[in-house]
$ cat data.cif   # mmCIF, C-alpha atoms
data_structure
loop_
_atom_site.label_atom_id
_atom_site.label_comp_id
_atom_site.auth_asym_id
_atom_site.auth_seq_id
_atom_site.Cartn_x
_atom_site.Cartn_y
_atom_site.Cartn_z
CA MET A 869 26.15 3.29 5.32
CA GLN A 870 27.01 3.39 1.64
CA VAL A 871 24.68 4.99 -0.87
CA TYR A 872 24.40 4.24 -4.59
CA VAL A 873 22.44 6.23 -7.13
CA ILE A 874 21.63 3.77 -9.93
CA ALA A 875 20.36 4.91 -13.31
CA LEU A 876 18.59 2.61 -15.73
CA ILE A 877 18.07 3.77 -19.32
CA TYR A 878 14.98 2.75 -21.25
CA SER A 879 14.47 3.19 -25.00
CA PHE A 880 10.95 3.54 -26.29
CA VAL A 881 9.99 2.49 -29.82
CA PHE A 882 6.84 3.75 -31.48
CA GLN A 883 5.26 2.30 -34.61
CA ASN A 884 3.70 4.44 -37.32
CA PHE A 885 0.81 2.26 -38.42
CA GLN A 886 0.06 4.37 -41.48
CA ASN A 887 3.26 3.52 -43.36
CA ALA A 888 4.45 0.61 -41.19
CA GLU A 889 7.79 2.29 -40.48
CA MET A 890 9.49 2.09 -37.07
CA PHE A 891 10.67 5.20 -35.29
CA ALA A 892 12.90 5.24 -32.22
CA GLY A 893 11.61 7.45 -29.43
CA ASN A 894 13.58 9.36 -26.81
CA PHE A 895 15.70 7.53 -24.27
CA GLN A 896 14.47 7.98 -20.72
CA THR A 897 16.49 7.50 -17.56
CA ARG A 898 15.11 6.38 -14.20
CA GLN A 899 17.27 7.03 -11.15
CA GLU A 900 16.82 5.41 -7.79
CA LEU A 901 18.66 5.64 -4.51
CA PHE A 902 19.98 2.45 -2.91
CA LEU A 903 21.22 2.12 0.68
CA VAL A 904 23.84 -0.50 1.54
CA GLU A 905 23.75 -1.91 5.06
CA LYS A 906 26.81 -4.00 5.86
CA ASN A 907 26.70 -7.45 7.46
CA LYS A 908 22.96 -7.94 7.04
CA LYS A 909 20.95 -10.67 5.35
CA ILE A 910 17.25 -11.35 4.96
CA ARG A 911 16.14 -13.81 7.64
CA SER A 912 14.67 -17.22 6.83
CA VAL A 913 14.16 -16.57 3.13
CA ALA A 914 15.29 -18.78 0.25
CA LEU A 915 17.44 -16.55 -1.94
CA THR A 916 18.05 -17.17 -5.64
CA SER A 917 21.57 -16.51 -6.95
CA LEU A 918 21.66 -14.13 -9.91
CA GLY A 919 25.36 -14.65 -10.60
CA LYS A 920 28.72 -13.07 -9.72
CA MET A 921 29.12 -9.34 -10.17
CA SER A 922 30.10 -6.13 -8.40
CA GLN A 923 27.94 -4.64 -5.67
CA THR A 924 26.99 -1.72 -7.94
CA GLN A 925 25.94 -4.13 -10.69
CA CYS A 926 23.87 -6.05 -8.14
CA ALA A 927 21.98 -2.87 -7.21
CA ALA A 928 21.44 -2.06 -10.89
CA LEU A 929 20.00 -5.55 -11.41
CA CYS A 930 17.53 -4.95 -8.59
CA LEU A 931 16.41 -1.77 -10.32
CA LYS A 932 16.01 -3.62 -13.60
CA PHE A 933 13.68 -6.15 -11.95
CA GLY A 934 11.56 -3.18 -10.83
CA GLU A 935 8.40 -4.20 -8.99
CA ARG A 936 9.77 -7.56 -7.83
CA CYS A 937 12.87 -6.26 -6.07
CA CYS A 938 12.68 -4.26 -2.85
CA GLU A 939 16.00 -5.44 -1.45
CA ILE A 940 18.79 -7.67 -2.66
CA THR A 941 21.58 -9.55 -0.86
CA TYR A 942 25.22 -9.28 -1.91
CA ILE A 943 27.79 -11.81 -0.64
CA THR A 944 31.06 -9.91 -0.61
CA SER A 945 33.33 -12.98 -0.31
CA SER A 946 31.91 -14.77 -3.36
CA ARG A 947 30.68 -11.62 -5.18
CA GLU A 948 27.26 -13.27 -5.52
CA CYS A 949 24.07 -11.28 -6.04
CA LYS A 950 21.02 -12.98 -4.47
CA LEU A 951 17.36 -12.05 -4.80
CA ASP A 952 14.29 -12.96 -2.75
CA GLN A 953 11.83 -13.88 -5.50
CA SER A 954 8.80 -12.79 -3.47
CA GLY A 955 9.67 -9.14 -4.11
CA CYS A 956 8.41 -8.22 -0.63
CA CYS A 957 10.16 -5.77 1.67
CA HIS A 958 11.27 -7.36 4.96
CA SER A 959 11.73 -6.00 8.44
CA ASP A 960 13.68 -8.87 10.04
CA PHE A 961 17.33 -9.44 9.17
CA ASP A 962 20.26 -11.51 10.35
CA TYR A 963 23.69 -9.98 10.93
CA ILE A 964 26.14 -12.10 8.95
CA SER A 965 29.77 -11.16 8.35
CA GLY A 966 30.54 -10.45 4.70
CA THR A 967 26.90 -10.12 3.59
CA ASN A 968 25.52 -6.74 2.60
CA LEU A 969 21.86 -5.85 2.15
CA ILE A 970 21.17 -3.45 -0.72
CA GLN A 971 17.82 -1.73 -0.22
CA LYS A 972 15.87 0.74 -2.28
CA ASP A 973 15.37 3.94 -0.29
CA ARG A 974 11.73 3.21 0.54
CA THR A 975 10.78 5.79 3.13
CA HIS A 976 7.08 6.61 3.46
CA VAL A 977 6.95 9.47 0.98
CA VAL A 978 3.35 10.62 1.47
CA ASN A 979 2.36 12.76 -1.50
CA LYS A 980 -1.36 13.08 -0.82
CA THR A 981 -3.91 12.70 1.99
CA LEU A 982 -7.40 11.47 1.11
CA SER A 983 -10.47 12.56 3.07
CA VAL A 984 -14.24 12.79 2.65
CA THR A 985 -16.68 15.53 3.66
CA ASN A 986 -19.33 13.38 5.38
CA GLY A 987 -17.23 11.90 8.21
CA GLY A 988 -18.79 11.79 11.70
CA GLY A 989 -17.84 14.54 14.14
CA LEU A 990 -17.42 12.51 17.33
CA GLY A 991 -14.19 11.10 18.76
CA VAL A 992 -10.46 11.76 18.50
CA TRP A 993 -7.88 10.75 15.90
CA ALA A 994 -5.85 7.63 16.65
CA SER A 995 -2.23 7.22 15.53
CA ALA A 996 -1.63 6.74 11.83
CA GLU A 997 -0.43 3.30 10.70
CA PHE A 998 1.34 2.34 7.47
CA CYS A 999 2.22 -0.70 5.42
CA THR A 1000 5.86 -1.81 5.52
CA ARG A 1001 7.96 0.69 3.57
CA GLY A 1002 7.74 -0.15 -0.12
CA HIS A 1003 4.32 -1.83 0.20
CA TYR A 1004 0.88 -0.51 -0.78
CA ALA A 1005 -2.77 -1.37 -0.09
CA ILE A 1006 -4.09 -4.13 -2.35
CA GLY A 1007 -7.29 -4.80 -0.37
CA PHE A 1008 -9.06 -4.31 2.96
CA ARG A 1009 -11.29 -5.78 5.66
CA MET A 1010 -13.62 -4.24 8.28
CA LYS A 1011 -14.57 -4.89 11.90
CA ILE A 1012 -18.36 -4.58 12.20
CA GLU A 1013 -20.82 -4.94 15.10
CA PRO A 1014 -24.24 -6.23 13.98
CA PRO A 1015 -27.38 -4.27 14.89
CA ASN A 1016 -28.46 -4.38 18.55
CA GLY A 1017 -29.82 -2.05 21.21
CA ASP A 1018 -26.83 0.30 20.94
CA SER A 1019 -25.25 -0.43 17.55
CA THR A 1020 -21.84 0.91 16.55
CA GLU A 1021 -21.49 -0.80 13.13
CA LEU A 1022 -17.97 0.01 11.78
CA ASN A 1023 -15.34 -0.34 14.54
CA ALA A 1024 -12.12 -0.62 12.51
CA ILE A 1025 -10.65 -0.75 9.00
CA SER A 1026 -7.55 -2.74 8.06
CA ILE A 1027 -5.71 -2.47 4.75
CA VAL A 1028 -3.98 -5.51 3.23
CA CYS A 1029 -0.47 -4.66 2.00
CA GLY A 1030 1.47 -5.91 -1.01
CA ASN A 1031 4.48 -5.05 -3.15
CA ARG A 1032 4.62 -3.09 -6.41
CA ALA A 1033 3.65 -6.24 -8.32
CA SER A 1034 0.56 -6.42 -6.03
CA ASP A 1035 1.79 -9.69 -4.46
CA ARG A 1036 0.54 -10.09 -0.91
CA CYS A 1037 3.40 -9.66 1.56
CA GLY A 1038 1.75 -10.54 4.89
CA ASP A 1039 1.62 -7.11 6.53
CA MET A 1040 -1.49 -5.08 7.34
CA ALA A 1041 -2.26 -1.65 8.83
CA SER A 1042 -5.35 -0.67 10.82
CA SER A 1043 -4.79 2.47 13.00
CA GLY A 1044 -7.11 2.59 16.06
CA GLN A 1045 -10.14 0.34 16.61
CA GLN A 1046 -13.00 -0.07 19.04
CA ALA A 1047 -13.91 -3.22 20.95
CA TRP A 1048 -17.17 -4.35 19.36
CA GLY A 1049 -17.88 -6.62 16.42
CA ASP A 1050 -16.00 -9.14 14.31
CA TRP A 1051 -13.68 -8.89 11.33
CA THR A 1052 -15.09 -9.51 7.87
CA GLY A 1053 -13.16 -11.49 5.31
CA GLU A 1054 -10.69 -9.73 3.05
CA THR A 1055 -11.52 -8.37 -0.37
CA LEU A 1056 -8.71 -7.61 -2.85
CA CYS A 1057 -8.22 -5.51 -5.95
CA PRO A 1058 -7.65 -7.27 -9.29
CA PRO A 1059 -4.03 -8.35 -9.94
CA ASN A 1060 -1.57 -5.46 -10.31
CA ALA A 1061 -4.08 -2.93 -8.93
CA PHE A 1062 -4.13 -0.93 -5.68
CA LEU A 1063 -6.51 1.10 -3.50
CA VAL A 1064 -6.43 4.75 -4.61
CA ALA A 1065 -9.70 6.40 -3.43
CA PHE A 1066 -12.54 5.73 -0.97
CA SER A 1067 -16.11 6.55 -0.02
CA LEU A 1068 -17.56 6.31 3.50
CA GLN A 1069 -21.10 5.40 4.55
CA VAL A 1070 -21.97 7.43 7.66
CA HIS A 1071 -24.99 7.62 9.96
CA GLN A 1072 -24.84 11.18 11.26
CA TYR A 1073 -25.34 11.83 14.99
CA SER A 1074 -28.84 12.56 16.30
CA VAL A 1075 -30.05 12.94 19.89
CA ASN A 1076 -33.37 11.39 18.89
CA GLU A 1077 -32.12 7.96 17.80
CA ASP A 1078 -29.32 5.42 18.23
CA SER A 1079 -26.44 6.87 16.23
CA THR A 1080 -23.82 4.57 14.72
CA GLY A 1081 -21.21 6.80 13.08
CA ALA A 1082 -19.43 5.24 10.11
CA ASN A 1083 -21.08 2.04 8.84
CA TYR A 1084 -19.15 0.88 5.76
CA VAL A 1085 -16.30 1.82 3.43
CA ARG A 1086 -15.64 1.12 -0.25
CA PHE A 1087 -12.65 1.81 -2.46
CA ARG A 1088 -11.59 2.38 -6.04
CA CYS A 1089 -8.78 0.23 -7.44
CA ARG A 1090 -6.34 1.46 -10.09
CA TYR A 1091 -3.12 0.35 -11.69
CA PHE A 1092 0.02 1.90 -10.24
CA LYS A 1093 1.63 3.37 -13.34
CA ASP A 1094 -1.36 4.85 -15.15
CA GLU A 1095 -4.87 6.25 -14.69
CA LEU A 1096 -6.64 3.08 -15.88
CA ASP A 1097 -9.46 2.34 -13.42
CA ALA A 1098 -9.71 -1.24 -12.12
CA GLY A 1099 -13.19 -0.87 -10.62
CA VAL A 1100 -14.95 -0.31 -7.31
CA LEU A 1101 -14.01 -2.65 -4.45
CA ASN A 1102 -16.44 -3.40 -1.64
CA TYR A 1103 -17.17 -6.23 0.75
CA PRO A 1104 -20.61 -7.84 0.13
CA PRO A 1105 -23.27 -6.59 0.37
CA GLY A 1106 -21.43 -3.28 -0.12
CA TYR A 1107 -23.35 -1.20 2.42
CA GLY A 1108 -24.18 -1.07 6.12
CA GLN A 1109 -27.46 -0.84 8.02
CA TYR A 1110 -27.63 2.90 8.61
CA GLY A 1111 -26.76 6.16 6.94
CA SER A 1112 -25.64 6.81 3.38
CA TYR A 1113 -22.49 7.08 1.30
CA GLY A 1114 -21.05 10.51 0.65
CA GLU A 1115 -18.94 11.78 -2.23
CA TRP A 1116 -15.81 9.92 -3.29
CA SER A 1117 -12.49 11.22 -2.05
CA GLU A 1118 -9.90 12.47 -4.48
CA ALA A 1119 -7.61 9.75 -5.90
CA CYS A 1120 -3.91 9.10 -5.37
CA LEU A 1121 -1.64 10.45 -8.08
CA VAL A 1122 -0.28 8.19 -10.81
CA HIS A 1123 2.76 6.21 -9.58
CA SER A 1124 1.33 6.17 -6.04
CA ALA A 1125 -1.32 4.30 -4.02
CA ILE A 1126 -2.79 4.13 -0.52
CA CYS A 1127 -0.13 3.05 1.99
CA GLY A 1128 -1.57 4.03 5.39
CA LEU A 1129 -4.59 5.27 7.31
CA GLN A 1130 -5.74 7.14 10.40
CA THR A 1131 -9.11 6.59 12.09
CA LYS A 1132 -11.26 8.86 14.27
CA LEU A 1133 -12.82 6.95 17.17
CA GLU A 1134 -15.26 7.82 19.92
CA ALA A 1135 -14.37 6.34 23.32
CA GLN A 1136 -16.79 4.00 25.07
CA GLN A 1137 -19.65 6.06 26.55
CA GLY A 1138 -20.66 3.78 29.39
CA GLY A 1139 -24.45 4.18 29.58
CA GLY A 1140 -24.46 6.65 26.66
CA ASP A 1141 -24.80 6.16 22.92
CA ASP A 1142 -21.67 4.55 21.41
CA THR A 1143 -20.67 5.30 17.79
CA ALA A 1144 -17.10 3.84 17.59
CA LEU A 1145 -15.43 4.75 14.27
CA ASN A 1146 -16.63 8.10 12.92
CA ASP A 1147 -14.16 9.12 10.23
CA VAL A 1148 -10.96 8.02 8.46
CA ILE A 1149 -8.25 9.50 6.26
CA PHE A 1150 -5.92 7.56 3.97
CA PHE A 1151 -2.37 8.38 2.89
CA CYS A 1152 -0.96 7.94 -0.62
CA CYS A 1153 2.72 7.02 -1.04
CA GLU A 1154 4.98 7.22 -4.08
#

$ encode --input "data.cif" --output "structure tokens"
Amino acid sequence: MQVYVIALIYSFVFQNFQNAEMFAGNFQTRQELFLVEKNKKIRSVALTSLGKMSQTQCAALCLKFGERCCEITYITSSRECKLDQSGCCHSDFDYISGTNLIQKDRTHVVNKTLSVTNGGGLGVWASAEFCTRGHYAIGFRMKIEPPNGDSTELNAISIVCGNRASDRCGDMASSGQQAWGDWTGETLCPPNAFLVAFSLQVHQYSVNEDSTGANYVRFRCRYFKDELDAGVLNYPPGYGQYGSYGEWSEACLVHSAICGLQTKLEAQQGGGDDTALNDVIFFCCE
């Protein structure tokens, strides 16, 4: 596998409003690693030709497009550079002779784990699940059981994944889930914003009443490249039947957002008191 390190230079210009003169700021360079997989092409996607150029120039063009380029196709015979305009990262490819796939090195670089202090204590941690590499959480949905004789309320959480431009890409991640309840509709951050922090509503365990564990979750949305808050995101009415919200988690760092999660679930108790989902942690990726 070939590897390119592509550098793109940006110049920043700042205006002095007091005397209306223009001053050129420092040049800044962004480097990014690209992997070249030979004889691969994105499957069943309409590709737009960007012109004829070298393979290195094709990778540099992908970097220039930034948020809307996760991978780019290079036809070696015709020296054509082709882009999937959706900007989404794909997992299915065709093997085609003479066609190379140039991908940004989008491993799951987890730079922070988000947790809260009021999570329920019952159950075991399921396996962590992540968005497709290069995608981040732009919204969520919940699986909730309505009140009954032995209520469990929140049974699962699923994050909706999108690319760096916050376009929906079709993939979701949910970690473990219990059997009761139905999925709510999805609720999404404003355009160009991502999930970066959360708060959990929990009904703590008691031997004297029907305990339900976690009931509801809400998130904060923020723009990827700065600390500008895009508001609180919740699914109406914003709260469950039992328990209360705890403190907010810490937030993902700038230039990162939630990309995966791991849930803590209690197994079915037979004739005992079921609580289903008790706690959750979320992972931030660069």

$ residues_around --input "data.cif" --residues "Cys1127 of chain A" --least-positions-apart "5" --cutoff "8 Å" --atoms "only C-alpha atoms" --output "list in words"
Phe998, Cys999, His1003, Tyr1004, Ala1005, Cys1029, Phe1150, Phe1151, Cys1152 and Cys1153 of chain A

$ closest_residue --input "data.cif" --among "A:Tyr1107, A:Tyr1113, A:Phe1092, A:Tyr1073" --to "Ala1144 of chain A" --atoms "only C-alpha atoms"
A:Tyr1073

$ atom_distance --input "data.cif" --atom1 "atom CA of Lys906 of chain A" --atom2 "atom CA of Thr924 of chain A"
14.0 Å

$ resolve_selection --input "data.cif" --expression "the PyMOL selection byres ((chain A and resi 1010-1020) around 8)" --output "list in words"
Phe1008, Arg1009, Glu1021, Leu1022, Asn1023, Ala1024, Ile1025, Ser1026, Trp1048, Gly1049, Asp1050, Trp1051, Thr1052, Gly1053, Asp1078, Ser1079, Thr1080, Gly1081, Asn1083, Tyr1084, Gln1109, Asp1141, Asp1142, Thr1143, Ala1144 and Leu1145 of chain A

$ residues_around --input "data.cif" --residues "Val978 of chain A" --least-positions-apart "2" --cutoff "12 Å" --atoms "all atoms listed in the file" --output "PDB file with C-alpha atoms, in the coordinates of the input"
ATOM      1  CA  ARG A 974      11.730   3.210   0.540  1.00  0.00           C
ATOM      2  CA  THR A 975      10.780   5.790   3.130  1.00  0.00           C
ATOM      3  CA  HIS A 976       7.080   6.610   3.460  1.00  0.00           C
ATOM      4  CA  LYS A 980      -1.360  13.080  -0.820  1.00  0.00           C
ATOM      5  CA  THR A 981      -3.910  12.700   1.990  1.00  0.00           C
ATOM      6  CA  LEU A 982      -7.400  11.470   1.110  1.00  0.00           C
ATOM      7  CA  PHE A 998       1.340   2.340   7.470  1.00  0.00           C
ATOM      8  CA  ARG A1001       7.960   0.690   3.570  1.00  0.00           C
ATOM      9  CA  GLY A1002       7.740  -0.150  -0.120  1.00  0.00           C
ATOM     10  CA  TYR A1004       0.880  -0.510  -0.780  1.00  0.00           C
ATOM     11  CA  CYS A1120      -3.910   9.100  -5.370  1.00  0.00           C
ATOM     12  CA  LEU A1121      -1.640  10.450  -8.080  1.00  0.00           C
ATOM     13  CA  HIS A1123       2.760   6.210  -9.580  1.00  0.00           C
ATOM     14  CA  SER A1124       1.330   6.170  -6.040  1.00  0.00           C
ATOM     15  CA  ALA A1125      -1.320   4.300  -4.020  1.00  0.00           C
ATOM     16  CA  ILE A1126      -2.790   4.130  -0.520  1.00  0.00           C
ATOM     17  CA  CYS A1127      -0.130   3.050   1.990  1.00  0.00           C
ATOM     18  CA  GLY A1128      -1.570   4.030   5.390  1.00  0.00           C
ATOM     19  CA  LEU A1129      -4.590   5.270   7.310  1.00  0.00           C
ATOM     20  CA  PHE A1150      -5.920   7.560   3.970  1.00  0.00           C
ATOM     21  CA  PHE A1151      -2.370   8.380   2.890  1.00  0.00           C
ATOM     22  CA  CYS A1152      -0.960   7.940  -0.620  1.00  0.00           C
ATOM     23  CA  CYS A1153       2.720   7.020  -1.040  1.00  0.00           C
ATOM     24  CA  GLU A1154       4.980   7.220  -4.080  1.00  0.00           C
TER      25      GLU A1154
END

$ closest_atom_pairs --input "data.cif" --of "segment 1034-1053 of chain A" --to "segment 1057-1066 of chain A" --cutoff "12 Å" --atoms "all atoms listed in the file" --output "JSON lines"
{"residue": "A:Ser1034", "atom": "CA", "partner": "A:Asn1060", "partner_atom": "CA", "distance": 4.9}
{"residue": "A:Asp1035", "atom": "CA", "partner": "A:Asn1060", "partner_atom": "CA", "distance": 8.0}
{"residue": "A:Arg1036", "atom": "CA", "partner": "A:Pro1059", "partner_atom": "CA", "distance": 10.3}

$ atom_distance --input "data.cif" --atom1 "atom CA of Thr1055 of chain A" --atom2 "atom CA of Thr1000 of chain A"
19.5 Å

$ atom_distance --input "data.cif" --atom1 "atom CA of Ser983 of chain A" --atom2 "atom CA of Cys957 of chain A"
27.6 Å

$ resolve_selection --input "data.cif" --expression "the PyMOL selection byres ((chain A and resi 1130) around 8)" --output "MDAnalysis selection string"
chainID A and resid 993:997 1042:1044 1128:1129 1131:1132 1148:1150

$ closest_residue --input "data.cif" --among "A:Arg911, A:His1071, A:Arg947, A:Arg936" --to "Gly989 of chain A" --atoms "all atoms listed in the file"
A:His1071

$ resolve_selection --input "data.cif" --expression "the PyMOL selection byres ((chain A and resi 965) around 10)" --output "MDAnalysis selection string"
chainID A and resid 906:909 943:945 962:964 966:968

$ residues_around --input "data.cif" --residues "Gly955 of chain A" --least-positions-apart "2" --cutoff "10 Å" --atoms "only C-alpha atoms" --output "ChimeraX atom specification"
/A:930,933-940,951-953,957-958,1030-1037

$ residues_near_point --input "data.cif" --point "(-20.9, -0.9, -0.2)" --cutoff "6 Å" --atoms "all atoms listed in the file" --output "PyMOL selection string"
chain A and resi 1086+1102+1106-1107

$ residues_around --input "data.cif" --residues "Glu948 of chain A" --least-positions-apart "5" --cutoff "9 Å" --atoms "only C-alpha atoms" --output "ChimeraX atom specification"
/A:917-923,926,941-943

$ decode --input "data.cif" --residues "segment 996-1006 of chain A" --atoms "all heavy atoms" --output "PDB file, in the first residue's frame"
ATOM      1  N   ALA A 996     -18.360  -1.749  22.608  1.00  0.00           N
ATOM      2  CA  ALA A 996     -18.441  -0.398  22.047  1.00  0.00           C
ATOM      3  C   ALA A 996     -18.724  -0.488  20.548  1.00  0.00           C
ATOM      4  O   ALA A 996     -18.289  -1.414  19.867  1.00  0.00           O
ATOM      5  CB  ALA A 996     -17.143   0.352  22.293  1.00  0.00           C
ATOM      6  N   GLU A 997     -19.478   0.474  20.028  1.00  0.00           N
ATOM      7  CA  GLU A 997     -19.741   0.562  18.595  1.00  0.00           C
ATOM      8  C   GLU A 997     -19.446   1.977  18.122  1.00  0.00           C
ATOM      9  O   GLU A 997     -19.649   2.951  18.858  1.00  0.00           O
ATOM     10  CB  GLU A 997     -21.193   0.188  18.272  1.00  0.00           C
ATOM     11  CG  GLU A 997     -21.486  -1.295  18.423  1.00  0.00           C
ATOM     12  CD  GLU A 997     -22.833  -1.691  17.842  1.00  0.00           C
ATOM     13  OE1 GLU A 997     -23.445  -0.849  17.137  1.00  0.00           O
ATOM     14  OE2 GLU A 997     -23.281  -2.811  18.095  1.00  0.00           O
ATOM     15  N   PHE A 998     -18.974   2.083  16.852  1.00  0.00           N
ATOM     16  CA  PHE A 998     -18.547   3.361  16.306  1.00  0.00           C
ATOM     17  C   PHE A 998     -19.208   3.623  14.953  1.00  0.00           C
ATOM     18  O   PHE A 998     -19.592   2.695  14.242  1.00  0.00           O
ATOM     19  CB  PHE A 998     -17.025   3.379  16.118  1.00  0.00           C
ATOM     20  CG  PHE A 998     -16.256   3.389  17.405  1.00  0.00           C
ATOM     21  CD1 PHE A 998     -15.959   2.206  18.065  1.00  0.00           C
ATOM     22  CD2 PHE A 998     -15.818   4.590  17.955  1.00  0.00           C
ATOM     23  CE1 PHE A 998     -15.254   2.215  19.258  1.00  0.00           C
ATOM     24  CE2 PHE A 998     -15.101   4.615  19.139  1.00  0.00           C
ATOM     25  CZ  PHE A 998     -14.818   3.424  19.793  1.00  0.00           C
ATOM     26  N   CYS A 999     -19.288   4.909  14.607  1.00  0.00           N
ATOM     27  CA  CYS A 999     -19.635   5.284  13.244  1.00  0.00           C
ATOM     28  C   CYS A 999     -18.556   4.767  12.294  1.00  0.00           C
ATOM     29  O   CYS A 999     -17.452   4.416  12.720  1.00  0.00           O
ATOM     30  CB  CYS A 999     -19.695   6.812  13.111  1.00  0.00           C
ATOM     31  SG  CYS A 999     -20.984   7.616  14.092  1.00  0.00           S
ATOM     32  N   THR A1000     -18.864   4.718  11.002  1.00  0.00           N
ATOM     33  CA  THR A1000     -17.841   4.433   9.997  1.00  0.00           C
ATOM     34  C   THR A1000     -16.675   5.391  10.190  1.00  0.00           C
ATOM     35  O   THR A1000     -16.873   6.560  10.532  1.00  0.00           O
ATOM     36  CB  THR A1000     -18.422   4.598   8.585  1.00  0.00           C
ATOM     37  OG1 THR A1000     -19.506   3.686   8.434  1.00  0.00           O
ATOM     38  CG2 THR A1000     -17.378   4.305   7.514  1.00  0.00           C
ATOM     39  N   ARG A1001     -15.462   4.919   9.994  1.00  0.00           N
ATOM     40  CA  ARG A1001     -14.293   5.778  10.158  1.00  0.00           C
ATOM     41  C   ARG A1001     -14.413   7.039   9.305  1.00  0.00           C
ATOM     42  O   ARG A1001     -14.713   6.972   8.122  1.00  0.00           O
ATOM     43  CB  ARG A1001     -13.016   5.024   9.793  1.00  0.00           C
ATOM     44  CG  ARG A1001     -12.646   3.942  10.797  1.00  0.00           C
ATOM     45  CD  ARG A1001     -11.374   3.233  10.423  1.00  0.00           C
ATOM     46  NE  ARG A1001     -11.505   2.512   9.154  1.00  0.00           N
ATOM     47  CZ  ARG A1001     -10.514   1.861   8.559  1.00  0.00           C
ATOM     48  NH1 ARG A1001      -9.317   1.845   9.107  1.00  0.00           N
ATOM     49  NH2 ARG A1001     -10.717   1.226   7.426  1.00  0.00           N
ATOM     50  N   GLY A1002     -14.196   8.195   9.935  1.00  0.00           N
ATOM     51  CA  GLY A1002     -14.344   9.462   9.240  1.00  0.00           C
ATOM     52  C   GLY A1002     -15.705  10.105   9.408  1.00  0.00           C
ATOM     53  O   GLY A1002     -15.935  11.210   8.923  1.00  0.00           O
ATOM     54  N   HIS A1003     -16.639   9.418  10.100  1.00  0.00           N
ATOM     55  CA  HIS A1003     -17.964   9.960  10.362  1.00  0.00           C
ATOM     56  C   HIS A1003     -18.113  10.272  11.854  1.00  0.00           C
ATOM     57  O   HIS A1003     -17.420   9.697  12.694  1.00  0.00           O
ATOM     58  CB  HIS A1003     -19.049   8.981   9.939  1.00  0.00           C
ATOM     59  CG  HIS A1003     -19.110   8.740   8.468  1.00  0.00           C
ATOM     60  ND1 HIS A1003     -19.873   7.732   7.904  1.00  0.00           N
ATOM     61  CD2 HIS A1003     -18.510   9.372   7.433  1.00  0.00           C
ATOM     62  CE1 HIS A1003     -19.725   7.764   6.595  1.00  0.00           C
ATOM     63  NE2 HIS A1003     -18.900   8.746   6.285  1.00  0.00           N
ATOM     64  N   TYR A1004     -19.079  11.161  12.158  1.00  0.00           N
ATOM     65  CA  TYR A1004     -19.300  11.613  13.527  1.00  0.00           C
ATOM     66  C   TYR A1004     -20.796  11.697  13.787  1.00  0.00           C
ATOM     67  O   TYR A1004     -21.605  11.734  12.856  1.00  0.00           O
ATOM     68  CB  TYR A1004     -18.655  12.986  13.747  1.00  0.00           C
ATOM     69  CG  TYR A1004     -17.196  13.033  13.359  1.00  0.00           C
ATOM     70  CD1 TYR A1004     -16.826  13.310  12.043  1.00  0.00           C
ATOM     71  CD2 TYR A1004     -16.203  12.774  14.294  1.00  0.00           C
ATOM     72  CE1 TYR A1004     -15.489  13.341  11.667  1.00  0.00           C
ATOM     73  CE2 TYR A1004     -14.861  12.802  13.926  1.00  0.00           C
ATOM     74  CZ  TYR A1004     -14.508  13.085  12.608  1.00  0.00           C
ATOM     75  OH  TYR A1004     -13.190  13.097  12.244  1.00  0.00           O
ATOM     76  N   ALA A1005     -21.178  11.767  15.076  1.00  0.00           N
ATOM     77  CA  ALA A1005     -22.592  11.771  15.449  1.00  0.00           C
ATOM     78  C   ALA A1005     -23.220  13.133  15.175  1.00  0.00           C
ATOM     79  O   ALA A1005     -22.775  14.151  15.717  1.00  0.00           O
ATOM     80  CB  ALA A1005     -22.743  11.407  16.916  1.00  0.00           C
ATOM     81  N   ILE A1006     -24.270  13.143  14.346  1.00  0.00           N
ATOM     82  CA  ILE A1006     -24.999  14.372  14.043  1.00  0.00           C
ATOM     83  C   ILE A1006     -26.397  14.361  14.670  1.00  0.00           C
ATOM     84  O   ILE A1006     -27.121  15.353  14.581  1.00  0.00           O
ATOM     85  CB  ILE A1006     -25.121  14.595  12.517  1.00  0.00           C
ATOM     86  CG1 ILE A1006     -25.886  13.440  11.859  1.00  0.00           C
ATOM     87  CG2 ILE A1006     -23.746  14.748  11.883  1.00  0.00           C
ATOM     88  CD1 ILE A1006     -26.186  13.671  10.375  1.00  0.00           C
TER      89      ILE A1006
END
